[in-house]
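Report on the structure given below.
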Amino acid sequence: MKNTKFLSGFAAIVGRPNVGKSTMMNAMVGEKVAIVSSRPQTTRNRIMGVATEKDWQIVFLDTPGLHKPRTKLGEYMVKSAKDAMDGIDVLLVLVDVSDIGPQDRAIAAEMVERKVKKILVLNKTDLVDEAKLLAAIASFAEAGYDAIIPLSARTGKGMDELKKTIVSFLPEGPKYFPDDMMTDQPERLICAEIIREKALLNLRDEVPHGIGVEMMAIKKLSDNMTEIHATIYCERASHKGIIIGKQGAMLRTIGAQARQDIETLLGTHVNLQLWVKVREDWRNRMDDLRTLGYEGD
């Protein structure tokens with residue numbers, strides 16, 4: 001008799017900043033639901049991505065990188081990551097195999113205490129040779145994980161094996177979300193995150209961590225045109241000049257790149273209007289964090 005039971009569950013993705021958590025979740029879901037950049041701490045909220053097939057559904061929880069926080073925003077990010085691990089079925093601990101350090105090993109050792117199925121994912125295998133990969137696998141062999149899977153989220157190599165392994169650990173359960181739902185993020189938040197992503201990709205090192213984006217208005221003017229007004233906040237007047245750029249060139253670049261992705265998301269043409277304002281030390285003020293979508297207790 002054919003087995004018709006449906007498997008479903010929640011899988012949290014954790015690791016230090018910049019190991020490829022968002023890239024991996026986007027690849028798993030098949031859609032860009034989390035922004036990606038080479039900057040550490042790009043992800044600030046817990047972001048959900050849903051992968052659904054005929055016999056199973058995995059609800060991924062992409063989390064901010066685990067780090068020692070220096071601001072209220074940093075504290076919120078670490079709390080978001082730890083809260084996401086409550087009530088999950090599978091824990092994915094990501095390590096950048098090309099750059100394994102003491103922090104990775106400390107996180108791997110801490111996470112192994114969790115009473116759920118645990119998979120250690122060695123990401124960025126496209127950046128190392130086979131000898132280095134095998135040495136990394138051997139170094140974690142006794143770490144206490146239910147599976148160790150080498151992966152390149154960027155190229156897709158190893159993704160099928162990871163997906164099959166996660167599914168094998170899922171309990172029988174309901175379909176939590178409709179087949180066509182890939183994230184719980186509202187469009188306003190995704191649009192704000194796309195704008196922040198383009199700023200991260202284009203700006204100098206000293207600016208990105210102090211950037212927040214507030215959506216002021218999203219208005220559908222017609223079936224084929226949406227108008228969006230958004231404000232980019234920074235912490236210093238000198239950063240404002242960098243974000244705007246010479247004769248507005250940098251802001252236009254950020255806006256043009258963001259508009260392209262937002263048009264793909266919304267399926268309409270977009271008139272995107274961006275402003276830049278200084279909001280000193282906003283990362284340490286709870287009212288500002290709430291305004292910019294980082295809900296604290």
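Just so we're on the same page: first chain in the structure tokens is A, next is B, and so on; residues restart at 1 for each chain, and ligands are numbered from 1 in the order they show up.
Using only C-alpha atoms, the protein and nucleic acid residues lying no more than 10 Å from stretch 220-223 of chain A, apart from those fewer than 4 places from it along its own chain, are Glu227, Ile228, Gly267, Thr268, His269, Val270 and Asn271 of chain A.
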TODO: Identify all residues of stretch 105-261 of chain A in strand (DSSP E) (DSSP on the backbone) and supply them as an MDAnalysis selection string.
DONE: chainID A and resid 117:123 147:150 212:222 225:234
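Note that the spacing between atom CA of A:Glu193 and atom CA of A:Met25 amounts to 15.7 Å.
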TODO: Could you give me, as a PyMOL selection string, each residue of stretch 68-249 of chain A that DSSP assigns to alpha helix (DSSP H) when run on this structure's backbone?
DONE: chain A and resi 72-83+102-111+130-139+159-169+187-202+237-244+249
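The interatomic distance for the pair atom CA of A:Asp184 and atom CA of A:Phe10 works out to 13.6 Å.
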Task: Neighbour list for A:Glu161 as JSON, numbers by chain, cut-off 12 Å, only C-alpha atoms, skip fewer than 2 positions in-chain - done: {"A": [28, 119, 121, 147, 148, 149, 150, 151, 152, 156, 157, 158, 159, 163, 164, 165, 166, 167, 168]}
Atoms to include: all heavy atoms. Write the selected residues as a compact mmCIF listing (two decimals), in the first residue's frame.
```
# COMPACT_ATOMS: atom_id res chain seq x y z
N MET A 28 17.08 26.93 -1.04
CA MET A 28 16.15 25.88 -0.61
C MET A 28 14.72 26.20 -1.02
O MET A 28 13.97 25.33 -1.45
CB MET A 28 16.22 25.71 0.91
CG MET A 28 17.39 24.89 1.37
SD MET A 28 17.13 23.14 1.02
CE MET A 28 18.59 22.43 1.75
N ILE A 119 21.94 19.04 12.10
CA ILE A 119 22.77 18.82 10.90
C ILE A 119 23.84 19.90 10.87
O ILE A 119 23.53 21.10 10.94
CB ILE A 119 21.93 18.89 9.61
CG1 ILE A 119 20.78 17.87 9.65
CG2 ILE A 119 22.81 18.67 8.38
CD1 ILE A 119 19.80 18.00 8.50
N VAL A 121 26.23 21.81 8.60
CA VAL A 121 26.34 22.08 7.16
C VAL A 121 27.65 22.82 6.90
O VAL A 121 27.86 23.93 7.40
CB VAL A 121 25.14 22.92 6.66
CG1 VAL A 121 25.27 23.16 5.16
CG2 VAL A 121 23.82 22.23 6.98
N ALA A 147 24.05 14.43 11.34
CA ALA A 147 24.56 14.36 9.96
C ALA A 147 25.51 15.53 9.74
O ALA A 147 25.35 16.60 10.34
CB ALA A 147 23.42 14.41 8.95
N ILE A 148 26.52 15.31 8.90
CA ILE A 148 27.42 16.39 8.45
C ILE A 148 27.33 16.42 6.93
O ILE A 148 27.58 15.40 6.26
CB ILE A 148 28.87 16.14 8.89
CG1 ILE A 148 28.98 16.11 10.42
CG2 ILE A 148 29.80 17.23 8.33
CD1 ILE A 148 30.37 15.76 10.94
N ILE A 149 26.94 17.57 6.38
CA ILE A 149 26.71 17.64 4.94
C ILE A 149 27.51 18.78 4.32
O ILE A 149 27.33 19.95 4.69
CB ILE A 149 25.21 17.81 4.63
CG1 ILE A 149 24.46 16.58 5.12
CG2 ILE A 149 24.98 18.05 3.13
CD1 ILE A 149 22.99 16.58 4.85
N PRO A 150 28.42 18.47 3.38
CA PRO A 150 29.13 19.51 2.63
C PRO A 150 28.18 20.12 1.61
O PRO A 150 27.35 19.41 1.02
CB PRO A 150 30.27 18.76 1.93
CG PRO A 150 30.21 17.35 2.45
CD PRO A 150 28.85 17.12 2.99
N LEU A 151 28.33 21.42 1.38
CA LEU A 151 27.35 22.13 0.55
C LEU A 151 27.97 23.37 -0.08
O LEU A 151 28.86 23.99 0.51
CB LEU A 151 26.19 22.55 1.46
CG LEU A 151 25.05 23.34 0.85
CD1 LEU A 151 24.04 22.37 0.24
CD2 LEU A 151 24.36 24.19 1.91
N SER A 152 27.49 23.71 -1.26
CA SER A 152 27.75 25.04 -1.79
C SER A 152 26.40 25.67 -2.10
O SER A 152 25.74 25.31 -3.08
CB SER A 152 28.60 25.00 -3.06
OG SER A 152 28.63 26.29 -3.66
N GLY A 156 24.75 25.27 -5.60
CA GLY A 156 23.68 24.28 -5.47
C GLY A 156 24.17 22.87 -5.19
O GLY A 156 23.38 21.97 -4.93
N LYS A 157 25.48 22.67 -5.24
CA LYS A 157 26.02 21.32 -5.01
C LYS A 157 25.78 20.90 -3.56
O LYS A 157 26.14 21.61 -2.62
CB LYS A 157 27.52 21.28 -5.32
CG LYS A 157 28.10 19.88 -5.28
CD LYS A 157 29.56 19.86 -5.70
CE LYS A 157 30.10 18.43 -5.68
NZ LYS A 157 31.54 18.39 -6.03
N GLY A 158 25.16 19.73 -3.39
CA GLY A 158 24.87 19.22 -2.05
C GLY A 158 23.49 19.60 -1.53
O GLY A 158 23.05 19.09 -0.49
N MET A 159 22.78 20.47 -2.26
CA MET A 159 21.46 20.93 -1.78
C MET A 159 20.45 19.79 -1.72
O MET A 159 19.67 19.69 -0.77
CB MET A 159 20.94 22.05 -2.69
CG MET A 159 21.76 23.32 -2.66
SD MET A 159 21.71 24.18 -1.08
CE MET A 159 20.08 24.85 -1.13
N LYS A 163 18.40 18.56 1.56
CA LYS A 163 16.93 18.56 1.59
C LYS A 163 16.40 17.18 2.00
O LYS A 163 15.53 17.06 2.86
CB LYS A 163 16.40 18.95 0.21
CG LYS A 163 15.03 19.60 0.23
CD LYS A 163 14.63 20.10 -1.15
CE LYS A 163 15.19 21.47 -1.45
NZ LYS A 163 14.70 22.02 -2.72
N LYS A 164 16.96 16.13 1.39
CA LYS A 164 16.53 14.76 1.71
C LYS A 164 16.79 14.43 3.18
O LYS A 164 15.98 13.77 3.84
CB LYS A 164 17.27 13.75 0.82
CG LYS A 164 16.75 13.69 -0.60
CD LYS A 164 17.62 12.74 -1.42
CE LYS A 164 17.26 12.84 -2.90
NZ LYS A 164 18.24 12.15 -3.75
N THR A 165 17.92 14.89 3.69
CA THR A 165 18.26 14.61 5.10
C THR A 165 17.30 15.32 6.04
O THR A 165 16.83 14.73 7.02
CB THR A 165 19.72 15.03 5.39
OG1 THR A 165 20.59 14.40 4.45
CG2 THR A 165 20.12 14.63 6.80
N ILE A 166 17.00 16.57 5.74
CA ILE A 166 16.03 17.31 6.58
C ILE A 166 14.69 16.59 6.58
O ILE A 166 14.08 16.37 7.63
CB ILE A 166 15.86 18.77 6.08
CG1 ILE A 166 17.16 19.56 6.22
CG2 ILE A 166 14.74 19.47 6.86
CD1 ILE A 166 17.15 20.90 5.52
N VAL A 167 14.22 16.23 5.38
CA VAL A 167 12.91 15.55 5.26
C VAL A 167 12.91 14.25 6.07
O VAL A 167 11.92 13.92 6.73
CB VAL A 167 12.56 15.28 3.78
CG1 VAL A 167 11.34 14.38 3.65
CG2 VAL A 167 12.33 16.60 3.05
N SER A 168 14.03 13.53 6.06
CA SER A 168 14.10 12.26 6.80
C SER A 168 13.95 12.46 8.31
O SER A 168 13.61 11.53 9.04
CB SER A 168 15.42 11.54 6.50
OG SER A 168 16.50 12.15 7.17
```
Please identify all polymer residues within 12 Å of A:Gln273, counting only C-alpha atoms, omitting same-chain residues fewer than 3 positions from it, and present them as a JSON list (two decimals) with all heavy atoms, in the first residue's frame.
```
[["chain", "number", "residue", "atom", "x", "y", "z"],
["A", 195, "ILE", "N", 15.94, 47.48, -0.45],
["A", 195, "ILE", "CA", 16.63, 48.78, -0.51],
["A", 195, "ILE", "C", 17.89, 48.72, 0.36],
["A", 195, "ILE", "O", 18.98, 49.17, -0.05],
["A", 195, "ILE", "CB", 15.70, 49.92, -0.04],
["A", 195, "ILE", "CG1", 14.54, 50.08, -1.03],
["A", 195, "ILE", "CG2", 16.48, 51.24, 0.09],
["A", 195, "ILE", "CD1", 13.39, 50.91, -0.49],
["A", 215, "MET", "N", 9.80, 52.30, 5.42],
["A", 215, "MET", "CA", 8.85, 52.46, 4.31],
["A", 215, "MET", "C", 7.84, 53.52, 4.73],
["A", 215, "MET", "O", 7.12, 53.36, 5.72],
["A", 215, "MET", "CB", 8.13, 51.14, 4.02],
["A", 215, "MET", "CG", 9.06, 50.02, 3.59],
["A", 215, "MET", "SD", 10.01, 50.42, 2.11],
["A", 215, "MET", "CE", 8.71, 50.44, 0.90],
["A", 216, "MET", "N", 7.78, 54.61, 3.98],
["A", 216, "MET", "CA", 6.85, 55.69, 4.30],
["A", 216, "MET", "C", 5.48, 55.47, 3.66],
["A", 216, "MET", "O", 4.45, 55.76, 4.24],
["A", 216, "MET", "CB", 7.44, 57.04, 3.85],
["A", 216, "MET", "CG", 8.88, 57.27, 4.29],
["A", 216, "MET", "SD", 9.16, 57.09, 6.06],
["A", 216, "MET", "CE", 8.26, 58.51, 6.68],
["A", 217, "ALA", "N", 5.49, 54.93, 2.43],
["A", 217, "ALA", "CA", 4.21, 54.71, 1.73],
["A", 217, "ALA", "C", 4.41, 53.75, 0.57],
["A", 217, "ALA", "O", 5.45, 53.78, -0.10],
["A", 217, "ALA", "CB", 3.65, 56.03, 1.21],
["A", 218, "ILE", "N", 3.45, 52.86, 0.38],
["A", 218, "ILE", "CA", 3.37, 52.04, -0.82],
["A", 218, "ILE", "C", 1.96, 52.23, -1.38],
["A", 218, "ILE", "O", 0.98, 51.91, -0.70],
["A", 218, "ILE", "CB", 3.61, 50.54, -0.56],
["A", 218, "ILE", "CG1", 5.01, 50.29, -0.02],
["A", 218, "ILE", "CG2", 3.41, 49.73, -1.84],
["A", 218, "ILE", "CD1", 5.33, 48.83, 0.21],
["A", 219, "LYS", "N", 1.87, 52.76, -2.58],
["A", 219, "LYS", "CA", 0.56, 53.07, -3.16],
["A", 219, "LYS", "C", 0.48, 52.50, -4.56],
["A", 219, "LYS", "O", 1.32, 52.80, -5.41],
["A", 219, "LYS", "CB", 0.36, 54.59, -3.20],
["A", 219, "LYS", "CG", -1.04, 55.00, -3.61],
["A", 219, "LYS", "CD", -1.19, 56.51, -3.52],
["A", 219, "LYS", "CE", -2.59, 56.94, -3.93],
["A", 219, "LYS", "NZ", -2.74, 58.42, -3.90],
["A", 226, "THR", "N", 3.22, 51.03, -9.25],
["A", 226, "THR", "CA", 3.20, 51.21, -7.80],
["A", 226, "THR", "C", 4.18, 52.31, -7.43],
["A", 226, "THR", "O", 5.29, 52.36, -7.95],
["A", 226, "THR", "CB", 3.61, 49.90, -7.08],
["A", 226, "THR", "OG1", 2.74, 48.84, -7.49],
["A", 226, "THR", "CG2", 3.55, 50.06, -5.57],
["A", 227, "GLU", "N", 3.75, 53.20, -6.53],
["A", 227, "GLU", "CA", 4.63, 54.27, -6.06],
["A", 227, "GLU", "C", 5.08, 53.94, -4.64],
["A", 227, "GLU", "O", 4.25, 53.61, -3.79],
["A", 227, "GLU", "CB", 3.91, 55.61, -6.09],
["A", 227, "GLU", "CG", 4.83, 56.78, -5.74],
["A", 227, "GLU", "CD", 4.19, 58.12, -6.05],
["A", 227, "GLU", "OE1", 4.18, 58.50, -7.24],
["A", 227, "GLU", "OE2", 3.68, 58.76, -5.11],
["A", 228, "ILE", "N", 6.39, 54.03, -4.40],
["A", 228, "ILE", "CA", 6.95, 53.72, -3.09],
["A", 228, "ILE", "C", 7.80, 54.88, -2.60],
["A", 228, "ILE", "O", 8.65, 55.40, -3.35],
["A", 228, "ILE", "CB", 7.81, 52.43, -3.15],
["A", 228, "ILE", "CG1", 6.93, 51.23, -3.51],
["A", 228, "ILE", "CG2", 8.53, 52.20, -1.83],
["A", 228, "ILE", "CD1", 7.70, 49.93, -3.67],
["A", 229, "HIS", "N", 7.57, 55.28, -1.37],
["A", 229, "HIS", "CA", 8.39, 56.30, -0.73],
["A", 229, "HIS", "C", 9.09, 55.65, 0.46],
["A", 229, "HIS", "O", 8.44, 55.02, 1.29],
["A", 229, "HIS", "CB", 7.53, 57.47, -0.23],
["A", 229, "HIS", "CG", 6.90, 58.26, -1.34],
["A", 229, "HIS", "ND1", 7.06, 59.61, -1.48],
["A", 229, "HIS", "CD2", 6.13, 57.87, -2.39],
["A", 229, "HIS", "CE1", 6.39, 60.04, -2.55],
["A", 229, "HIS", "NE2", 5.82, 58.98, -3.11],
["A", 230, "ALA", "N", 10.40, 55.80, 0.53],
["A", 230, "ALA", "CA", 11.17, 55.19, 1.62],
["A", 230, "ALA", "C", 12.28, 56.12, 2.08],
["A", 230, "ALA", "O", 12.82, 56.90, 1.28],
["A", 230, "ALA", "CB", 11.76, 53.84, 1.18],
["A", 231, "THR", "N", 12.61, 56.02, 3.35],
["A", 231, "THR", "CA", 13.69, 56.83, 3.92],
["A", 231, "THR", "C", 14.81, 55.93, 4.40],
["A", 231, "THR", "O", 14.57, 54.96, 5.12],
["A", 231, "THR", "CB", 13.18, 57.68, 5.11],
["A", 231, "THR", "OG1", 12.13, 58.53, 4.66],
["A", 231, "THR", "CG2", 14.30, 58.54, 5.69],
["A", 232, "ILE", "N", 16.02, 56.23, 3.97],
["A", 232, "ILE", "CA", 17.21, 55.53, 4.45],
["A", 232, "ILE", "C", 17.78, 56.34, 5.61],
["A", 232, "ILE", "O", 18.10, 57.52, 5.46],
["A", 232, "ILE", "CB", 18.27, 55.40, 3.34],
["A", 232, "ILE", "CG1", 17.73, 54.60, 2.16],
["A", 232, "ILE", "CG2", 19.55, 54.75, 3.89],
["A", 232, "ILE", "CD1", 18.66, 54.56, 0.96],
["A", 251, "LEU", "N", 22.87, 57.45, -4.52],
["A", 251, "LEU", "CA", 21.46, 57.20, -4.20],
["A", 251, "LEU", "C", 20.69, 56.73, -5.44],
["A", 251, "LEU", "O", 19.83, 55.85, -5.35],
["A", 251, "LEU", "CB", 20.82, 58.47, -3.62],
["A", 251, "LEU", "CG", 19.44, 58.28, -2.97],
["A", 251, "LEU", "CD1", 19.52, 57.29, -1.80],
["A", 251, "LEU", "CD2", 18.88, 59.62, -2.49],
["A", 252, "ARG", "N", 21.03, 57.28, -6.60],
["A", 252, "ARG", "CA", 20.38, 56.84, -7.85],
["A", 252, "ARG", "C", 20.73, 55.38, -8.15],
["A", 252, "ARG", "O", 19.88, 54.62, -8.60],
["A", 252, "ARG", "CB", 20.79, 57.74, -9.02],
["A", 252, "ARG", "CG", 20.04, 59.06, -9.08],
["A", 252, "ARG", "CD", 20.15, 59.73, -10.44],
["A", 252, "ARG", "NE", 21.54, 60.00, -10.81],
["A", 252, "ARG", "CZ", 22.21, 61.09, -10.44],
["A", 252, "ARG", "NH1", 21.62, 62.00, -9.67],
["A", 252, "ARG", "NH2", 23.46, 61.28, -10.82],
["A", 254, "ILE", "N", 21.62, 53.02, -5.93],
["A", 254, "ILE", "CA", 20.89, 52.19, -4.97],
["A", 254, "ILE", "C", 19.41, 52.07, -5.39],
["A", 254, "ILE", "O", 18.84, 50.98, -5.39],
["A", 254, "ILE", "CB", 21.00, 52.78, -3.54],
["A", 254, "ILE", "CG1", 22.44, 52.69, -3.05],
["A", 254, "ILE", "CG2", 20.04, 52.08, -2.57],
["A", 254, "ILE", "CD1", 22.73, 53.51, -1.79],
["A", 255, "GLY", "N", 18.82, 53.19, -5.76],
["A", 255, "GLY", "CA", 17.42, 53.22, -6.15],
["A", 255, "GLY", "C", 17.14, 52.40, -7.40],
["A", 255, "GLY", "O", 16.15, 51.65, -7.46],
["A", 256, "ALA", "N", 18.02, 52.51, -8.40],
["A", 256, "ALA", "CA", 17.81, 51.78, -9.66],
["A", 256, "ALA", "C", 17.89, 50.28, -9.44],
["A", 256, "ALA", "O", 17.08, 49.50, -9.96],
["A", 256, "ALA", "CB", 18.84, 52.23, -10.70],
["A", 258, "ALA", "N", 17.45, 48.66, -6.54],
["A", 258, "ALA", "CA", 16.33, 48.24, -5.69],
["A", 258, "ALA", "C", 15.04, 48.18, -6.50],
["A", 258, "ALA", "O", 14.25, 47.23, -6.36],
["A", 258, "ALA", "CB", 16.17, 49.21, -4.52],
["A", 259, "ARG", "N", 14.83, 49.17, -7.34],
["A", 259, "ARG", "CA", 13.59, 49.20, -8.14],
["A", 259, "ARG", "C", 13.45, 47.96, -9.00],
["A", 259, "ARG", "O", 12.37, 47.38, -9.12],
["A", 259, "ARG", "CB", 13.56, 50.46, -9.01],
["A", 259, "ARG", "CG", 12.20, 50.66, -9.71],
["A", 259, "ARG", "CD", 12.16, 51.90, -10.55],
["A", 259, "ARG", "NE", 13.04, 51.79, -11.71],
["A", 259, "ARG", "CZ", 14.16, 52.48, -11.88],
["A", 259, "ARG", "NH1", 14.54, 53.35, -10.97],
["A", 259, "ARG", "NH2", 14.90, 52.31, -12.95],
["A", 270, "VAL", "N", 7.56, 50.30, -10.94],
["A", 270, "VAL", "CA", 7.66, 50.96, -9.64],
["A", 270, "VAL", "C", 8.30, 52.34, -9.79],
["A", 270, "VAL", "O", 9.33, 52.48, -10.44],
["A", 270, "VAL", "CB", 8.51, 50.11, -8.65],
["A", 270, "VAL", "CG1", 8.84, 50.90, -7.38],
["A", 270, "VAL", "CG2", 7.77, 48.82, -8.29],
["A", 276, "VAL", "N", 17.24, 60.42, 2.38],
["A", 276, "VAL", "CA", 18.26, 60.03, 3.35],
["A", 276, "VAL", "C", 18.19, 60.99, 4.53],
["A", 276, "VAL", "O", 18.21, 62.21, 4.36],
["A", 276, "VAL", "CB", 19.68, 60.06, 2.74],
["A", 276, "VAL", "CG1", 20.70, 59.59, 3.77],
["A", 276, "VAL", "CG2", 19.75, 59.21, 1.49]]
```
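For the set A:Ala153, A:Gly49, A:Ala143, A:Pro102, the residue with the smallest atom-to-atom gap to A:Leu127 is A:Ala153, counting only C-alpha atoms.
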TODO: Fewer than 5 positions away in the same chain doesn't count, so skip those; otherwise give me all residues within 10 Å of A:Asp96, counting only C-alpha atoms, as a ChimeraX atom specification.
DONE: /A:15-21,101,104,121-125,127,151-152
Could those residues be written to a file, using C-alpha atoms, as a tab-separated table (two decimals), in the first residue's frame?
```tsv
chain	number	residue	atom	x	y	z
A	15	GLY	CA	25.78	30.17	12.58
A	16	ARG	CA	28.11	33.11	12.92
A	17	PRO	CA	27.61	36.13	10.63
A	18	ASN	CA	28.42	35.79	6.93
A	19	VAL	CA	28.50	31.98	6.61
A	20	GLY	CA	25.78	31.94	3.93
A	21	LYS	CA	22.57	31.31	5.89
A	101	GLY	CA	37.59	29.57	13.31
A	104	ASP	CA	32.43	28.32	14.55
A	121	VAL	CA	26.34	22.08	7.16
A	122	LEU	CA	29.81	22.83	5.77
A	123	ASN	CA	29.00	25.61	3.32
A	124	LYS	CA	31.13	27.26	0.60
A	125	THR	CA	32.71	23.98	-0.55
A	127	LEU	CA	36.04	27.70	-2.24
A	151	LEU	CA	27.35	22.13	0.55
A	152	SER	CA	27.75	25.04	-1.79
```
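Between atom CA of A:Cys234 and atom CA of A:Glu280 there is a distance of 7.2 Å.
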- [ ] Tell me, as a VMD selection string, which residues lie within 7 Å of A:Asp62, counting only C-alpha atoms; anything in the same chain fewer than 5 positions away does not count.
- [x] chain A and resid 12 to 13 21 to 22 25 46 to 48
